[in-house]
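**Q** The structure is given below, and queries will be raised subsequently.
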Amino acid sequence: LIVKNLPLKITEDKLRSTFSKKGVITDLQLKFSKEGKFRGFAFVGFKDETEAENARAYFNGTYIGASKVDVQICKNLGEANQAKRKKNKENQKIEEDQTNKD
C-alpha cells in the first residue's frame, strides 16, 4: 500500500501498530527527502493482497492524528514504469500524427 498525507510527526512504530490491526505487515517504509525531512507518505506491505485490500478499504479516508490519509494499492515498480512508457509512446504518436497533418 501507499499511504499519503501522513502526519509529519508519525513514527514507524505508530504506523505499524495502526495498520497491523488489519493483517500481518511484512515491510514498512517511511519516505524521507535527501535532507532527512519526512515527505508525508509511506509504503506498507502485507502478507497477501487480501489483507492489503482490507486495510486499504478500512483506512482510506480515515484520520491519523489530524491528517486524513489517502491509502491506495500501489503498482509494482515494473508495472508503473511500463504504464508510463506506454503513455509516452501514445503521446509521441499523437504528436507525430498532428505534425504530419500540418
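By order in the C-alpha cells, chains are A, B, ...; within a chain, residues start at 1; ligands start at 1, following the order shown.
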Neighbouring residues of Lys22 in chain A were defined as those with any atom within 10 Å, considering only C-alpha atoms; residues of the same chain fewer than 2 positions away were excluded. Please report them as a list of chain:residue names.
**A** A:Ser17, A:Thr18, A:Phe19, A:Ser20, A:Val24, A:Ile25, A:Phe46, A:Thr50, A:Glu51, A:Ala52, A:Glu53, A:Asn54, A:Ala55, A:Arg56, A:Tyr58, A:Phe59
**Q** Applying 7 Å and only C-alpha atoms, which residues near Gly45 in chain A remain after dropping the ones on its own chain fewer than 4 positions away? List them as a PDB file with N, CA and C atoms, in the first residue's frame.
**A**
ATOM      1  N   LEU A   1       0.843  -1.189   0.000  1.00  0.00           N
ATOM      2  CA  LEU A   1       0.000   0.000   0.000  1.00  0.00           C
ATOM      3  C   LEU A   1       0.876   1.235   0.000  1.00  0.00           C
ATOM      4  N   ILE A  25       2.028  -7.305   8.703  1.00  0.00           N
ATOM      5  CA  ILE A  25       2.854  -6.381   7.941  1.00  0.00           C
ATOM      6  C   ILE A  25       4.204  -7.036   7.662  1.00  0.00           C
ATOM      7  N   THR A  26       4.577  -7.072   6.392  1.00  0.00           N
ATOM      8  CA  THR A  26       5.853  -7.677   6.007  1.00  0.00           C
ATOM      9  C   THR A  26       6.963  -6.633   5.897  1.00  0.00           C
ATOM     10  N   ASP A  27       6.604  -5.410   5.547  1.00  0.00           N
ATOM     11  CA  ASP A  27       7.588  -4.333   5.496  1.00  0.00           C
ATOM     12  C   ASP A  27       6.877  -2.991   5.575  1.00  0.00           C
ATOM     13  N   LEU A  28       7.619  -1.996   6.024  1.00  0.00           N
ATOM     14  CA  LEU A  28       7.062  -0.654   6.177  1.00  0.00           C
ATOM     15  C   LEU A  28       8.196   0.339   5.961  1.00  0.00           C
TER      16      LEU A  28
END
**Q** Quick one: distance from CA of Ile73 in chain A to CA of Gln92 in chain A in Å, one decimal?
**A**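 Distance reported for this atom pair: 28.7 Å.
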**Q** Do you know which residues are at most 8 Å from Gly61 in chain A counting only C-alpha atoms, after dropping those on the same chain fewer than 3 positions away, and could you put them as a list of chain:residue names?
**A**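 So, after excluding close chain neighbours, the residues are A:Lys68, A:Val69, A:Asp70, A:Val71.
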**Q** Given only C-alpha atoms as the basis, pick out the residue of A:Gly23, A:Glu49, A:Asn76, A:Val44 nearest to Lys4 in chain A.
**A**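 Once distances to Lys4 in chain A are computed over only C-alpha atoms, the minimum belongs to A:Val44.
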**Q** Quote the spacing between CA of Tyr63 in chain A and CA of Lys34 in chain A in Å to one decimal place.
**A**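 Between these atoms lies a distance of 27.3 Å.
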**Q** If we count only C-alpha atoms and set the cut-off at 12 Å, which residues sit around Gln29 in chain A, ignoring sequence neighbours fewer than 6 positions away in its own chain? Please answer as a PDB file with N, CA, C and O atoms, in the first residue's frame.
**A**
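Output contents, as saved in part-v8.pdb:
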ATOM      1  N   LEU A   1       0.843  -1.189   0.000  1.00  0.00           N
ATOM      2  CA  LEU A   1       0.000   0.000   0.000  1.00  0.00           C
ATOM      3  C   LEU A   1       0.876   1.235   0.000  1.00  0.00           C
ATOM      4  O   LEU A   1       1.981   1.217   0.539  1.00  0.00           O
ATOM      5  N   ILE A   2       0.355   2.296  -0.556  1.00  0.00           N
ATOM      6  CA  ILE A   2       0.975   3.599  -0.382  1.00  0.00           C
ATOM      7  C   ILE A   2       0.008   4.414   0.479  1.00  0.00           C
ATOM      8  O   ILE A   2      -1.195   4.443   0.222  1.00  0.00           O
ATOM      9  N   VAL A   3       0.550   5.001   1.530  1.00  0.00           N
ATOM     10  CA  VAL A   3      -0.251   5.786   2.471  1.00  0.00           C
ATOM     11  C   VAL A   3       0.237   7.223   2.380  1.00  0.00           C
ATOM     12  O   VAL A   3       1.380   7.526   2.727  1.00  0.00           O
ATOM     13  N   ILE A  10       4.616  11.354  12.480  1.00  0.00           N
ATOM     14  CA  ILE A  10       4.303   9.929  12.634  1.00  0.00           C
ATOM     15  C   ILE A  10       5.609   9.140  12.803  1.00  0.00           C
ATOM     16  O   ILE A  10       6.629   9.499  12.229  1.00  0.00           O
ATOM     17  N   THR A  11       5.553   8.090  13.589  1.00  0.00           N
ATOM     18  CA  THR A  11       6.708   7.206  13.731  1.00  0.00           C
ATOM     19  C   THR A  11       6.410   5.877  13.048  1.00  0.00           C
ATOM     20  O   THR A  11       5.242   5.524  12.831  1.00  0.00           O
ATOM     21  N   GLU A  12       7.458   5.145  12.752  1.00  0.00           N
ATOM     22  CA  GLU A  12       7.283   3.832  12.148  1.00  0.00           C
ATOM     23  C   GLU A  12       6.489   2.924  13.083  1.00  0.00           C
ATOM     24  O   GLU A  12       5.598   2.200  12.639  1.00  0.00           O
ATOM     25  N   ASP A  13       6.778   2.988  14.385  1.00  0.00           N
ATOM     26  CA  ASP A  13       6.062   2.149  15.351  1.00  0.00           C
ATOM     27  C   ASP A  13       4.575   2.464  15.386  1.00  0.00           C
ATOM     28  O   ASP A  13       3.744   1.559  15.434  1.00  0.00           O
ATOM     29  N   LEU A  15       2.722   3.845  12.972  1.00  0.00           N
ATOM     30  CA  LEU A  15       2.108   3.412  11.715  1.00  0.00           C
ATOM     31  C   LEU A  15       1.968   1.893  11.682  1.00  0.00           C
ATOM     32  O   LEU A  15       0.935   1.364  11.287  1.00  0.00           O
ATOM     33  N   ARG A  16       2.998   1.194  12.131  1.00  0.00           N
ATOM     34  CA  ARG A  16       2.969  -0.270  12.163  1.00  0.00           C
ATOM     35  C   ARG A  16       1.853  -0.762  13.083  1.00  0.00           C
ATOM     36  O   ARG A  16       1.082  -1.651  12.713  1.00  0.00           O
ATOM     37  N   PHE A  38      10.808  14.179   6.531  1.00  0.00           N
ATOM     38  CA  PHE A  38       9.755  13.226   6.190  1.00  0.00           C
ATOM     39  C   PHE A  38       8.862  13.819   5.110  1.00  0.00           C
ATOM     40  O   PHE A  38       8.433  14.961   5.200  1.00  0.00           O
ATOM     41  N   ARG A  39       8.556  13.031   4.073  1.00  0.00           N
ATOM     42  CA  ARG A  39       7.803  13.519   2.915  1.00  0.00           C
ATOM     43  C   ARG A  39       6.298  13.314   3.052  1.00  0.00           C
ATOM     44  O   ARG A  39       5.545  13.664   2.148  1.00  0.00           O
ATOM     45  N   GLY A  40       5.837  12.742   4.157  1.00  0.00           N
ATOM     46  CA  GLY A  40       4.394  12.633   4.392  1.00  0.00           C
ATOM     47  C   GLY A  40       3.737  11.406   3.796  1.00  0.00           C
ATOM     48  O   GLY A  40       2.519  11.335   3.739  1.00  0.00           O
ATOM     49  N   PHE A  41       4.543  10.433   3.337  1.00  0.00           N
ATOM     50  CA  PHE A  41       3.943   9.198   2.841  1.00  0.00           C
ATOM     51  C   PHE A  41       4.809   8.007   3.199  1.00  0.00           C
ATOM     52  O   PHE A  41       5.974   8.146   3.587  1.00  0.00           O
ATOM     53  N   ALA A  42       4.195   6.832   3.085  1.00  0.00           N
ATOM     54  CA  ALA A  42       4.899   5.596   3.434  1.00  0.00           C
ATOM     55  C   ALA A  42       4.368   4.454   2.585  1.00  0.00           C
ATOM     56  O   ALA A  42       3.269   4.531   2.033  1.00  0.00           O
ATOM     57  N   PHE A  43       5.156   3.396   2.520  1.00  0.00           N
ATOM     58  CA  PHE A  43       4.729   2.150   1.900  1.00  0.00           C
ATOM     59  C   PHE A  43       4.545   1.125   3.001  1.00  0.00           C
ATOM     60  O   PHE A  43       5.385   1.011   3.894  1.00  0.00           O
ATOM     61  N   VAL A  44       3.434   0.396   2.943  1.00  0.00           N
ATOM     62  CA  VAL A  44       3.145  -0.645   3.924  1.00  0.00           C
ATOM     63  C   VAL A  44       2.874  -1.934   3.152  1.00  0.00           C
ATOM     64  O   VAL A  44       1.972  -1.981   2.318  1.00  0.00           O
ATOM     65  N   GLY A  45       3.658  -2.958   3.427  1.00  0.00           N
ATOM     66  CA  GLY A  45       3.481  -4.251   2.765  1.00  0.00           C
ATOM     67  C   GLY A  45       2.779  -5.241   3.677  1.00  0.00           C
ATOM     68  O   GLY A  45       3.078  -5.309   4.872  1.00  0.00           O
TER      69      GLY A  45
END
**Q** Would you compute the distance between CA of Gly65 in chain A and CA of Gly36 in chain A? Give it in Å to one decimal.
**A**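 That distance, rounded to one decimal, is 21.8 Å.
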